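Q: This is the content of structure_12.pdb (PDB, C-alpha atoms, pLDDT in the B column):
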ATOM      1  CA  GLU X   4     -15.540   1.192  -8.891  1.00 66.00           C
ATOM      2  CA  ARG X   5     -18.416   0.629  -6.449  1.00 85.00           C
ATOM      3  CA  GLY X   6     -16.165  -1.094  -3.916  1.00 92.00           C
ATOM      4  CA  MET X   7     -16.072  -4.525  -2.366  1.00 95.00           C
ATOM      5  CA  GLN X   8     -18.642  -5.695   0.146  1.00 96.00           C
ATOM      6  CA  LEU X   9     -17.370  -7.854   3.004  1.00 96.00           C
ATOM      7  CA  ALA X  10     -20.081  -9.461   5.153  1.00 97.00           C
ATOM      8  CA  GLY X  11     -19.641  -9.347   8.917  1.00 97.00           C
ATOM      9  CA  GLN X  12     -18.635 -12.612  10.540  1.00 96.00           C
ATOM     10  CA  GLY X  13     -17.917 -13.409  14.191  1.00 96.00           C
ATOM     11  CA  ASP X  14     -17.472 -10.972  17.067  1.00 95.00           C
ATOM     12  CA  GLY X  15     -14.115  -9.412  16.155  1.00 96.00           C
ATOM     13  CA  PRO X  16     -11.070  -9.721  13.896  1.00 97.00           C
ATOM     14  CA  ALA X  17      -9.981 -13.089  15.357  1.00 95.00           C
ATOM     15  CA  ASP X  18     -13.077 -14.905  14.099  1.00 94.00           C
ATOM     16  CA  SER X  19     -14.008 -12.744  11.113  1.00 95.00           C
ATOM     17  CA  SER X  20     -12.044 -14.261   8.185  1.00 92.00           C
ATOM     18  CA  PRO X  21      -9.978 -11.159   7.307  1.00 96.00           C
ATOM     19  CA  LEU X  22      -9.121 -10.629   3.664  1.00 96.00           C
ATOM     20  CA  ALA X  23      -5.330 -10.293   3.445  1.00 96.00           C
ATOM     21  CA  MET X  24      -2.807  -9.548   0.714  1.00 95.00           C
ATOM     22  CA  ILE X  25       0.658 -11.017   0.401  1.00 93.00           C
ATOM     23  CA  ILE X  26       3.380  -8.409   0.003  1.00 92.00           C
ATOM     24  CA  GLY X  27       7.157  -8.571  -0.216  1.00 88.00           C
ATOM     25  CA  ASP X  28       8.238  -5.075   0.764  1.00 92.00           C
ATOM     26  CA  HIS X  29       9.812  -4.184   4.131  1.00 91.00           C
ATOM     27  CA  SER X  30       8.291  -0.686   4.230  1.00 96.00           C
ATOM     28  CA  TYR X  31       4.864   0.125   2.851  1.00 97.00           C
ATOM     29  CA  GLU X  32       1.642   2.045   3.339  1.00 98.00           C
ATOM     30  CA  VAL X  33      -1.932   0.812   2.904  1.00 98.00           C
ATOM     31  CA  THR X  34      -4.891   3.203   2.845  1.00 98.00           C
ATOM     32  CA  VAL X  35      -8.531   2.198   2.563  1.00 98.00           C
ATOM     33  CA  GLU X  36     -11.863   4.000   2.550  1.00 97.00           C
ATOM     34  CA  PHE X  37     -14.879   2.172   3.915  1.00 97.00           C
ATOM     35  CA  GLU X  38     -18.506   2.443   4.908  1.00 97.00           C
ATOM     36  CA  LEU X  39     -20.083   0.516   7.794  1.00 97.00           C
ATOM     37  CA  ARG X  40     -23.557  -0.823   7.016  1.00 96.00           C
ATOM     38  CA  GLY X  41     -25.484  -2.315   9.927  1.00 95.00           C
ATOM     39  CA  SER X  42     -24.261  -3.252  13.384  1.00 95.00           C
ATOM     40  CA  VAL X  43     -20.762  -4.110  12.211  1.00 97.00           C
ATOM     41  CA  LEU X  44     -17.119  -3.561  13.147  1.00 97.00           C
ATOM     42  CA  GLY X  45     -14.722  -3.016  10.269  1.00 97.00           C
ATOM     43  CA  GLY X  46     -11.117  -2.004   9.895  1.00 97.00           C
ATOM     44  CA  LEU X  47      -7.526  -2.480   8.856  1.00 98.00           C
ATOM     45  CA  LEU X  48      -5.054  -4.987  10.299  1.00 98.00           C
ATOM     46  CA  LEU X  49      -1.584  -6.375   9.982  1.00 97.00           C
ATOM     47  CA  PHE X  50      -2.568 -10.034  10.188  1.00 96.00           C
ATOM     48  CA  TYR X  51      -0.378 -13.078  10.876  1.00 94.00           C
ATOM     49  CA  ASN X  52      -3.131 -15.456  11.999  1.00 94.00           C
ATOM     50  CA  ASN X  53      -6.301 -15.444  14.117  1.00 94.00           C
ATOM     51  CA  ASP X  54      -4.248 -15.273  17.317  1.00 94.00           C
ATOM     52  CA  LEU X  55      -1.593 -12.779  16.218  1.00 95.00           C
ATOM     53  CA  PHE X  56      -2.566  -9.476  14.586  1.00 97.00           C
ATOM     54  CA  CYS X  57      -2.654  -5.755  15.276  1.00 97.00           C
ATOM     55  CA  GLY X  58      -4.665  -2.900  13.862  1.00 97.00           C
ATOM     56  CA  ILE X  59      -7.643  -0.611  14.230  1.00 96.00           C
ATOM     57  CA  GLY X  60     -11.356  -0.888  13.683  1.00 96.00           C
ATOM     58  CA  CYS X  61     -14.509   1.146  14.110  1.00 95.00           C
ATOM     59  CA  ASP X  62     -18.087   0.196  14.930  1.00 94.00           C
ATOM     60  CA  GLY X  63     -19.607   3.575  14.046  1.00 93.00           C
ATOM     61  CA  LYS X  64     -19.363   4.715  17.669  1.00 92.00           C
ATOM     62  CA  ARG X  65     -15.708   4.482  18.666  1.00 92.00           C
ATOM     63  CA  LEU X  66     -12.260   3.506  17.491  1.00 94.00           C
ATOM     64  CA  ARG X  67     -10.944   0.121  18.608  1.00 94.00           C
ATOM     65  CA  ASN X  68      -7.255  -0.816  18.859  1.00 95.00           C
ATOM     66  CA  PHE X  69      -5.903  -4.370  18.554  1.00 97.00           C
ATOM     67  CA  LYS X  70      -2.496  -5.721  19.552  1.00 96.00           C
ATOM     68  CA  LEU X  71      -1.185  -9.291  19.849  1.00 95.00           C
ATOM     69  CA  GLY X  72      -4.551 -10.628  18.713  1.00 95.00           C
ATOM     70  CA  LYS X  73      -6.620  -8.888  21.389  1.00 95.00           C
ATOM     71  CA  GLU X  74      -8.536  -5.653  21.757  1.00 94.00           C
ATOM     72  CA  LEU X  75      -6.728  -3.135  23.935  1.00 92.00           C
ATOM     73  CA  SER X  76      -8.863  -1.904  26.805  1.00 80.00           C
ATOM     74  CA  PHE X  77      -6.724   0.843  28.326  1.00 67.00           C
ATOM     75  CA  GLY X  78      -7.693   4.501  28.096  1.00 64.00           C
ATOM     76  CA  PRO X  79     -10.634   6.062  26.299  1.00 67.00           C
ATOM     77  CA  SER X  80     -11.059   5.424  22.595  1.00 76.00           C
ATOM     78  CA  PRO X  81     -11.955   8.333  20.346  1.00 79.00           C
ATOM     79  CA  ALA X  82     -15.696   8.668  19.746  1.00 82.00           C
ATOM     80  CA  ILE X  83     -16.410   8.358  16.029  1.00 85.00           C
ATOM     81  CA  ALA X  84     -20.081   8.885  15.299  1.00 80.00           C
ATOM     82  CA  GLN X  85     -20.098   8.141  11.596  1.00 86.00           C
ATOM     83  CA  SER X  86     -20.126   5.146   9.329  1.00 93.00           C
ATOM     84  CA  HIS X  87     -17.841   6.456   6.549  1.00 95.00           C
ATOM     85  CA  LEU X  88     -14.113   6.466   7.417  1.00 96.00           C
ATOM     86  CA  PHE X  89     -10.594   6.129   6.092  1.00 98.00           C
ATOM     87  CA  MET X  90      -7.823   4.060   7.701  1.00 98.00           C
ATOM     88  CA  ARG X  91      -4.121   3.836   6.998  1.00 98.00           C
ATOM     89  CA  VAL X  92      -1.179   1.777   8.174  1.00 98.00           C
ATOM     90  CA  GLN X  93       2.452   2.640   7.564  1.00 98.00           C
ATOM     91  CA  ASN X  94       4.813  -0.253   8.269  1.00 97.00           C
ATOM     92  CA  VAL X  95       8.395   1.025   8.175  1.00 96.00           C
ATOM     93  CA  GLU X  96      10.936  -1.701   8.925  1.00 93.00           C
ATOM     94  CA  ASN X  97       8.581  -3.437  11.421  1.00 95.00           C
ATOM     95  CA  VAL X  98       7.234  -0.327  13.127  1.00 96.00           C
ATOM     96  CA  ALA X  99       3.548  -0.169  12.208  1.00 97.00           C
ATOM     97  CA  THR X 100       1.663   3.084  12.746  1.00 98.00           C
ATOM     98  CA  PHE X 101      -2.109   3.192  12.285  1.00 97.00           C
ATOM     99  CA  PHE X 102      -4.093   6.325  11.409  1.00 97.00           C
ATOM    100  CA  TRP X 103      -7.758   7.169  10.872  1.00 96.00           C
ATOM    101  CA  SER X 104      -9.547  10.021   9.137  1.00 96.00           C
ATOM    102  CA  GLU X 105     -13.107  11.175   8.644  1.00 94.00           C
ATOM    103  CA  ASP X 106     -12.371  12.873   5.308  1.00 95.00           C
ATOM    104  CA  GLY X 107      -9.247  11.175   3.889  1.00 95.00           C
ATOM    105  CA  THR X 108      -7.255  14.413   4.208  1.00 96.00           C
ATOM    106  CA  HIS X 109      -6.830  15.135   7.924  1.00 96.00           C
ATOM    107  CA  TRP X 110      -5.302  12.095   9.647  1.00 97.00           C
ATOM    108  CA  GLN X 111      -5.113  11.250  13.350  1.00 95.00           C
ATOM    109  CA  LYS X 112      -2.686   8.720  14.763  1.00 95.00           C
ATOM    110  CA  ALA X 113      -4.372   5.798  16.499  1.00 94.00           C
ATOM    111  CA  ASN X 114      -1.386   3.739  17.668  1.00 93.00           C
ATOM    112  CA  SER X 115       2.080   2.376  16.829  1.00 96.00           C
ATOM    113  CA  TYR X 116       3.360  -1.152  17.349  1.00 95.00           C
ATOM    114  CA  GLU X 117       6.717  -2.840  16.938  1.00 96.00           C
ATOM    115  CA  VAL X 118       5.786  -5.908  14.866  1.00 95.00           C
ATOM    116  CA  SER X 119       9.049  -7.800  14.284  1.00 92.00           C
ATOM    117  CA  GLY X 120       7.800 -10.456  16.742  1.00 88.00           C
ATOM    118  CA  TYR X 121       4.729 -11.203  14.620  1.00 87.00           C
ATOM    119  CA  ASN X 122       6.409 -14.202  13.004  1.00 82.00           C
ATOM    120  CA  HIS X 123       6.749 -18.003  13.043  1.00 79.00           C
ATOM    121  CA  ASN X 124       8.701 -18.062  16.314  1.00 76.00           C
ATOM    122  CA  VAL X 125       5.655 -16.649  18.096  1.00 77.00           C
ATOM    123  CA  GLY X 126       2.706 -17.632  15.901  1.00 74.00           C
ATOM    124  CA  ASP X 127       3.786 -20.887  14.197  1.00 80.00           C
ATOM    125  CA  GLY X 128       2.480 -21.758  10.747  1.00 75.00           C
ATOM    126  CA  PHE X 129       5.272 -20.320   8.551  1.00 68.00           C
ATOM    127  CA  LEU X 130       3.074 -17.400   7.512  1.00 78.00           C
ATOM    128  CA  SER X 131       3.899 -13.736   6.938  1.00 88.00           C
ATOM    129  CA  LEU X 132       2.494 -10.544   8.430  1.00 93.00           C
ATOM    130  CA  ARG X 133       0.020  -9.252   5.834  1.00 95.00           C
ATOM    131  CA  PRO X 134      -2.129  -6.136   5.476  1.00 98.00           C
ATOM    132  CA  ALA X 135      -5.790  -7.135   5.796  1.00 98.00           C
ATOM    133  CA  ILE X 136      -9.303  -5.737   5.989  1.00 98.00           C
ATOM    134  CA  PHE X 137     -12.036  -7.246   8.149  1.00 98.00           C
ATOM    135  CA  ALA X 138     -15.743  -7.080   8.978  1.00 98.00           C
ATOM    136  CA  SER X 139     -17.387  -8.619  12.035  1.00 98.00           C
ATOM    137  CA  GLY X 140     -20.851  -8.434  13.546  1.00 97.00           C
ATOM    138  CA  LYS X 141     -24.214  -8.124  11.836  1.00 96.00           C
ATOM    139  CA  GLY X 142     -24.115  -6.203   8.594  1.00 96.00           C
ATOM    140  CA  ASP X 143     -21.362  -5.563   6.089  1.00 97.00           C
ATOM    141  CA  VAL X 144     -18.561  -3.172   5.278  1.00 97.00           C
ATOM    142  CA  LEU X 145     -18.183  -1.628   1.845  1.00 97.00           C
ATOM    143  CA  PHE X 146     -14.452  -1.143   1.201  1.00 97.00           C
ATOM    144  CA  LYS X 147     -13.421   1.338  -1.492  1.00 94.00           C
ATOM    145  CA  ARG X 148     -10.224   2.764  -2.971  1.00 92.00           C
ATOM    146  CA  MET X 149      -7.676   0.558  -1.269  1.00 94.00           C
ATOM    147  CA  LYS X 150      -4.179   1.798  -2.104  1.00 96.00           C
ATOM    148  CA  TYR X 151      -0.827   0.083  -1.523  1.00 96.00           C
ATOM    149  CA  SER X 152       2.435   2.052  -1.784  1.00 96.00           C
ATOM    150  CA  VAL X 153       6.053   1.105  -1.211  1.00 96.00           C
ATOM    151  CA  LEU X 154       7.837   3.421   1.248  1.00 95.00           C
ATOM    152  CA  GLN X 155      11.541   4.168   1.168  1.00 85.00           C
ATOM    153  CA  SER X 156      13.074   3.489   4.566  1.00 64.00           C
TER     154      SER X 156
END
What would you get if you wrote out this structure as structure tokens?

A:
Amino acid sequence: ERGMQLAGQGDGPADSSPLAMIIGDHSYEVTVEFELRGSVLGGLLLFYNNDLFCGIGCDGKRLRNFKLGKELSFGPSPAIAQSHLFMRVQNVENVATFFWSEDGTHWQKANSYEVSGYNHNVGDGFLSLRPAIFASGKGDVLFKRMKYSVLQS
């Protein structure tokens, strides 16, 4: 009821030990509410391994986008001057769309990625692409009300 605290580790998602869930559905949605506490970056990913993931994060100042295991550096990122946010990913038949919200009601699209290539042929390891939450930096992220739903495609 009070949430789950995830301590920041490393400098970004690749070295932060994301907490992932194994799912079996081809189309799904994951929504999570979280609070940043300290100088920390937290967010929501689709995670294959430390070298191959995509998603979004926030450090309390701006939104950060990740693709193919790296932070994207093109274009300005939305300024987000608050520590309490909501994030969502909808993965519909390998097209993942990430959203963020300040209130959990009004959503803004962050980015979309085609993720069918996030697999063993590219990343090795015989893993699967899994929804995950992460915290990196100094501080922690309090994750609350994580919801998983199957989507009809």

Q: Quick one: of X:Leu9, X:Val153, X:Val35, X:Met24, who's nearest to X:His87, counting all atoms listed in the file?

A: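 Ranking X:Leu9, X:Val153, X:Val35, X:Met24 by distance to X:His87, first place goes to X:Val35.
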
Q: So what do you get for atom CA of X:Gly46 versus atom CA of X:Ser139, distance-wise?

A: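 So the answer is 9.4 Å.
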
Q: Quick check on the file I pasted: which residues fall under the PyMOL selection byres ((chain X and resi 48) around 7)? Write them as a list in words.

A: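 Taken over the shown coordinates, the PyMOL selection byres ((chain X and resi 48) around 7) returns Gly46, Leu47, Leu49, Phe50, Phe56, Cys57, Gly58, Ile59, Pro134, Ala135 and Ile136 of chain X.
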
Q: Taking (-9.2, -14.4, 5.7) in the coordinates of the supplied file, I want to know which residues reach to within 10 Å of it, counting all atoms listed in the file; could you give the answer as a PDB file with C-alpha atoms, in the coordinates of the input?

A:
ATOM      1  CA  PRO X  16     -11.070  -9.721  13.896  1.00 97.00           C
ATOM      2  CA  ALA X  17      -9.981 -13.089  15.357  1.00 95.00           C
ATOM      3  CA  ASP X  18     -13.077 -14.905  14.099  1.00 94.00           C
ATOM      4  CA  SER X  19     -14.008 -12.744  11.113  1.00 95.00           C
ATOM      5  CA  SER X  20     -12.044 -14.261   8.185  1.00 92.00           C
ATOM      6  CA  PRO X  21      -9.978 -11.159   7.307  1.00 96.00           C
ATOM      7  CA  LEU X  22      -9.121 -10.629   3.664  1.00 96.00           C
ATOM      8  CA  ALA X  23      -5.330 -10.293   3.445  1.00 96.00           C
ATOM      9  CA  MET X  24      -2.807  -9.548   0.714  1.00 95.00           C
ATOM     10  CA  PHE X  50      -2.568 -10.034  10.188  1.00 96.00           C
ATOM     11  CA  ASN X  52      -3.131 -15.456  11.999  1.00 94.00           C
ATOM     12  CA  ASN X  53      -6.301 -15.444  14.117  1.00 94.00           C
ATOM     13  CA  ALA X 135      -5.790  -7.135   5.796  1.00 98.00           C
ATOM     14  CA  ILE X 136      -9.303  -5.737   5.989  1.00 98.00           C
ATOM     15  CA  PHE X 137     -12.036  -7.246   8.149  1.00 98.00           C
TER      16      PHE X 137
END

Q: Once 3 Å is added on each side, what centre and edge lengths in Å to one decimal does the axis-aligned box around all listed atoms of stretch 33-52 of chain X have, as lines of an AutoDock Vina configuration file?

A:
center_x = -12.9
center_y = -5.7
center_z = 8.0
size_x = 31.1
size_y = 25.5
size_z = 16.8

Q: If you measure from atom CA of X:Arg133 to atom CA of X:Ser42, what distance in Å do you get, rounded to one decimal?

A: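 Distance reported for this atom pair: 26.1 Å.
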
Q: Applied to the shown file, which residues does the PyMOL selection byres ((chain X and resi 89) around 10) return, written as a list in words?

A: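 Output of the PyMOL selection byres ((chain X and resi 89) around 10): Thr34, Val35, Glu36, Phe37, Glu38, Gly46, Leu47, His87, Leu88, Met90, Arg91, Phe102, Trp103, Ser104, Glu105, Asp106, Gly107, Thr108, His109, Trp110, Phe146, Lys147, Arg148 and Met149 of chain X.
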
Q: At what distance in Å, to one decimal, does atom CA of X:Arg5 lie from atom CA of X:Leu39?

A: 14.3 Å

Q: Using all atoms listed in the file, which of the listed residues (X:Thr100, X:Ser80, X:Gln93, X:Gln155) sits closest to X:Leu66?

A: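 Nearest candidate to X:Leu66 out of X:Thr100, X:Ser80, X:Gln93, X:Gln155: X:Ser80.
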
Q: Restricting the calculation to all atoms listed in the file: of X:Ala84, X:Ala10, X:Ala99, X:Cys61, which residue gets closest to X:Ser119?

A: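 The closest residue to X:Ser119 is X:Ala99.
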
Q: Counting only C-alpha atoms, find residues at most 12 Å from (5.6, 1.5, 2.3) (file frame) and give them as a PyMOL selection string.

A: chain X and resi 26-34+91-100+134+150-156

Q: Nearest to X:Ser86 among X:Lys141, X:His123, X:Lys70, X:Arg65, with distances taken over only C-alpha atoms: which residue is it?

A: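 Smallest separation from X:Ser86 among the options: X:Arg65.
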
Q: Nearest to X:Ser131 among X:Val118, X:Ala82, X:Glu74, X:Asp143, with distances taken over all atoms listed in the file: which residue is it?

A: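 Of X:Val118, X:Ala82, X:Glu74, X:Asp143, the one nearest X:Ser131 is X:Val118, counting all atoms listed in the file.
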
Q: Have stretch 131-142 of chain X completed to all heavy atoms, please, and pass it along as a PDB file, in the coordinates of the input.

A:
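The resulting file, out27.pdb, is reproduced below:
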ATOM      1  N   SER X 131       3.283 -15.059   6.918  1.00 88.00           N
ATOM      2  CA  SER X 131       3.899 -13.736   6.938  1.00 88.00           C
ATOM      3  C   SER X 131       2.886 -12.749   7.495  1.00 88.00           C
ATOM      4  O   SER X 131       1.677 -13.005   7.496  1.00 88.00           O
ATOM      5  CB  SER X 131       4.343 -13.316   5.533  1.00 88.00           C
ATOM      6  OG  SER X 131       3.227 -13.224   4.676  1.00 88.00           O
ATOM      7  N   LEU X 132       3.359 -11.616   7.943  1.00 93.00           N
ATOM      8  CA  LEU X 132       2.494 -10.544   8.430  1.00 93.00           C
ATOM      9  C   LEU X 132       1.964  -9.801   7.201  1.00 93.00           C
ATOM     10  O   LEU X 132       2.735  -9.278   6.401  1.00 93.00           O
ATOM     11  CB  LEU X 132       3.278  -9.608   9.344  1.00 93.00           C
ATOM     12  CG  LEU X 132       2.474  -8.568  10.106  1.00 93.00           C
ATOM     13  CD1 LEU X 132       1.444  -9.238  11.017  1.00 93.00           C
ATOM     14  CD2 LEU X 132       3.393  -7.693  10.929  1.00 93.00           C
ATOM     15  N   ARG X 133       0.630  -9.774   7.059  1.00 95.00           N
ATOM     16  CA  ARG X 133       0.020  -9.252   5.834  1.00 95.00           C
ATOM     17  C   ARG X 133      -0.985  -8.151   6.148  1.00 95.00           C
ATOM     18  O   ARG X 133      -1.756  -8.266   7.103  1.00 95.00           O
ATOM     19  CB  ARG X 133      -0.706 -10.387   5.103  1.00 95.00           C
ATOM     20  CG  ARG X 133       0.192 -11.567   4.807  1.00 95.00           C
ATOM     21  CD  ARG X 133      -0.611 -12.794   4.404  1.00 95.00           C
ATOM     22  NE  ARG X 133      -1.691 -13.122   5.319  1.00 95.00           N
ATOM     23  CZ  ARG X 133      -1.673 -14.135   6.183  1.00 95.00           C
ATOM     24  NH1 ARG X 133      -0.626 -14.914   6.266  1.00 95.00           N
ATOM     25  NH2 ARG X 133      -2.694 -14.379   6.966  1.00 95.00           N
ATOM     26  N   PRO X 134      -1.046  -7.111   5.337  1.00 98.00           N
ATOM     27  CA  PRO X 134      -2.129  -6.136   5.476  1.00 98.00           C
ATOM     28  C   PRO X 134      -3.455  -6.831   5.185  1.00 98.00           C
ATOM     29  O   PRO X 134      -3.538  -7.676   4.283  1.00 98.00           O
ATOM     30  CB  PRO X 134      -1.828  -5.090   4.406  1.00 98.00           C
ATOM     31  CG  PRO X 134      -0.389  -5.293   4.043  1.00 98.00           C
ATOM     32  CD  PRO X 134      -0.105  -6.743   4.277  1.00 98.00           C
ATOM     33  N   ALA X 135      -4.493  -6.471   5.953  1.00 98.00           N
ATOM     34  CA  ALA X 135      -5.790  -7.135   5.796  1.00 98.00           C
ATOM     35  C   ALA X 135      -6.917  -6.186   6.175  1.00 98.00           C
ATOM     36  O   ALA X 135      -6.736  -5.267   6.969  1.00 98.00           O
ATOM     37  CB  ALA X 135      -5.849  -8.382   6.677  1.00 98.00           C
ATOM     38  N   ILE X 136      -8.081  -6.435   5.604  1.00 98.00           N
ATOM     39  CA  ILE X 136      -9.303  -5.737   5.989  1.00 98.00           C
ATOM     40  C   ILE X 136     -10.222  -6.767   6.625  1.00 98.00           C
ATOM     41  O   ILE X 136     -10.115  -7.969   6.350  1.00 98.00           O
ATOM     42  CB  ILE X 136      -9.976  -5.049   4.780  1.00 98.00           C
ATOM     43  CG1 ILE X 136     -10.187  -6.029   3.631  1.00 98.00           C
ATOM     44  CG2 ILE X 136      -9.151  -3.846   4.345  1.00 98.00           C
ATOM     45  CD1 ILE X 136     -10.925  -5.460   2.430  1.00 98.00           C
ATOM     46  N   PHE X 137     -11.131  -6.303   7.497  1.00 98.00           N
ATOM     47  CA  PHE X 137     -12.036  -7.246   8.149  1.00 98.00           C
ATOM     48  C   PHE X 137     -13.391  -6.610   8.398  1.00 98.00           C
ATOM     49  O   PHE X 137     -13.535  -5.392   8.441  1.00 98.00           O
ATOM     50  CB  PHE X 137     -11.437  -7.765   9.461  1.00 98.00           C
ATOM     51  CG  PHE X 137     -11.533  -6.794  10.606  1.00 98.00           C
ATOM     52  CD1 PHE X 137     -12.598  -6.866  11.508  1.00 98.00           C
ATOM     53  CD2 PHE X 137     -10.587  -5.791  10.773  1.00 98.00           C
ATOM     54  CE1 PHE X 137     -12.698  -5.963  12.557  1.00 98.00           C
ATOM     55  CE2 PHE X 137     -10.676  -4.892  11.822  1.00 98.00           C
ATOM     56  CZ  PHE X 137     -11.733  -4.973  12.718  1.00 98.00           C
ATOM     57  N   ALA X 138     -14.395  -7.479   8.590  1.00 98.00           N
ATOM     58  CA  ALA X 138     -15.743  -7.080   8.978  1.00 98.00           C
ATOM     59  C   ALA X 138     -16.266  -8.129   9.941  1.00 98.00           C
ATOM     60  O   ALA X 138     -16.166  -9.327   9.678  1.00 98.00           O
ATOM     61  CB  ALA X 138     -16.653  -6.983   7.757  1.00 98.00           C
ATOM     62  N   SER X 139     -16.787  -7.687  11.082  1.00 98.00           N
ATOM     63  CA  SER X 139     -17.387  -8.619  12.035  1.00 98.00           C
ATOM     64  C   SER X 139     -18.681  -8.026  12.562  1.00 98.00           C
ATOM     65  O   SER X 139     -18.882  -6.816  12.535  1.00 98.00           O
ATOM     66  CB  SER X 139     -16.421  -8.937  13.178  1.00 98.00           C
ATOM     67  OG  SER X 139     -16.128  -7.779  13.919  1.00 98.00           O
ATOM     68  N   GLY X 140     -19.564  -8.882  13.035  1.00 97.00           N
ATOM     69  CA  GLY X 140     -20.851  -8.434  13.546  1.00 97.00           C
ATOM     70  C   GLY X 140     -21.957  -8.685  12.546  1.00 97.00           C
ATOM     71  O   GLY X 140     -21.830  -9.517  11.641  1.00 97.00           O
ATOM     72  N   LYS X 141     -23.044  -7.956  12.697  1.00 96.00           N
ATOM     73  CA  LYS X 141     -24.214  -8.124  11.836  1.00 96.00           C
ATOM     74  C   LYS X 141     -24.288  -6.942  10.872  1.00 96.00           C
ATOM     75  O   LYS X 141     -24.452  -5.809  11.290  1.00 96.00           O
ATOM     76  CB  LYS X 141     -25.470  -8.212  12.681  1.00 96.00           C
ATOM     77  CG  LYS X 141     -25.462  -9.399  13.625  1.00 96.00           C
ATOM     78  CD  LYS X 141     -26.790  -9.589  14.272  1.00 96.00           C
ATOM     79  CE  LYS X 141     -26.832 -10.686  15.301  1.00 96.00           C
ATOM     80  NZ  LYS X 141     -26.058 -11.826  15.119  1.00 96.00           N
ATOM     81  N   GLY X 142     -24.142  -7.225   9.628  1.00 96.00           N
ATOM     82  CA  GLY X 142     -24.115  -6.203   8.594  1.00 96.00           C
ATOM     83  C   GLY X 142     -22.953  -6.456   7.666  1.00 96.00           C
ATOM     84  O   GLY X 142     -22.441  -7.570   7.589  1.00 96.00           O
TER      85      GLY X 142
END
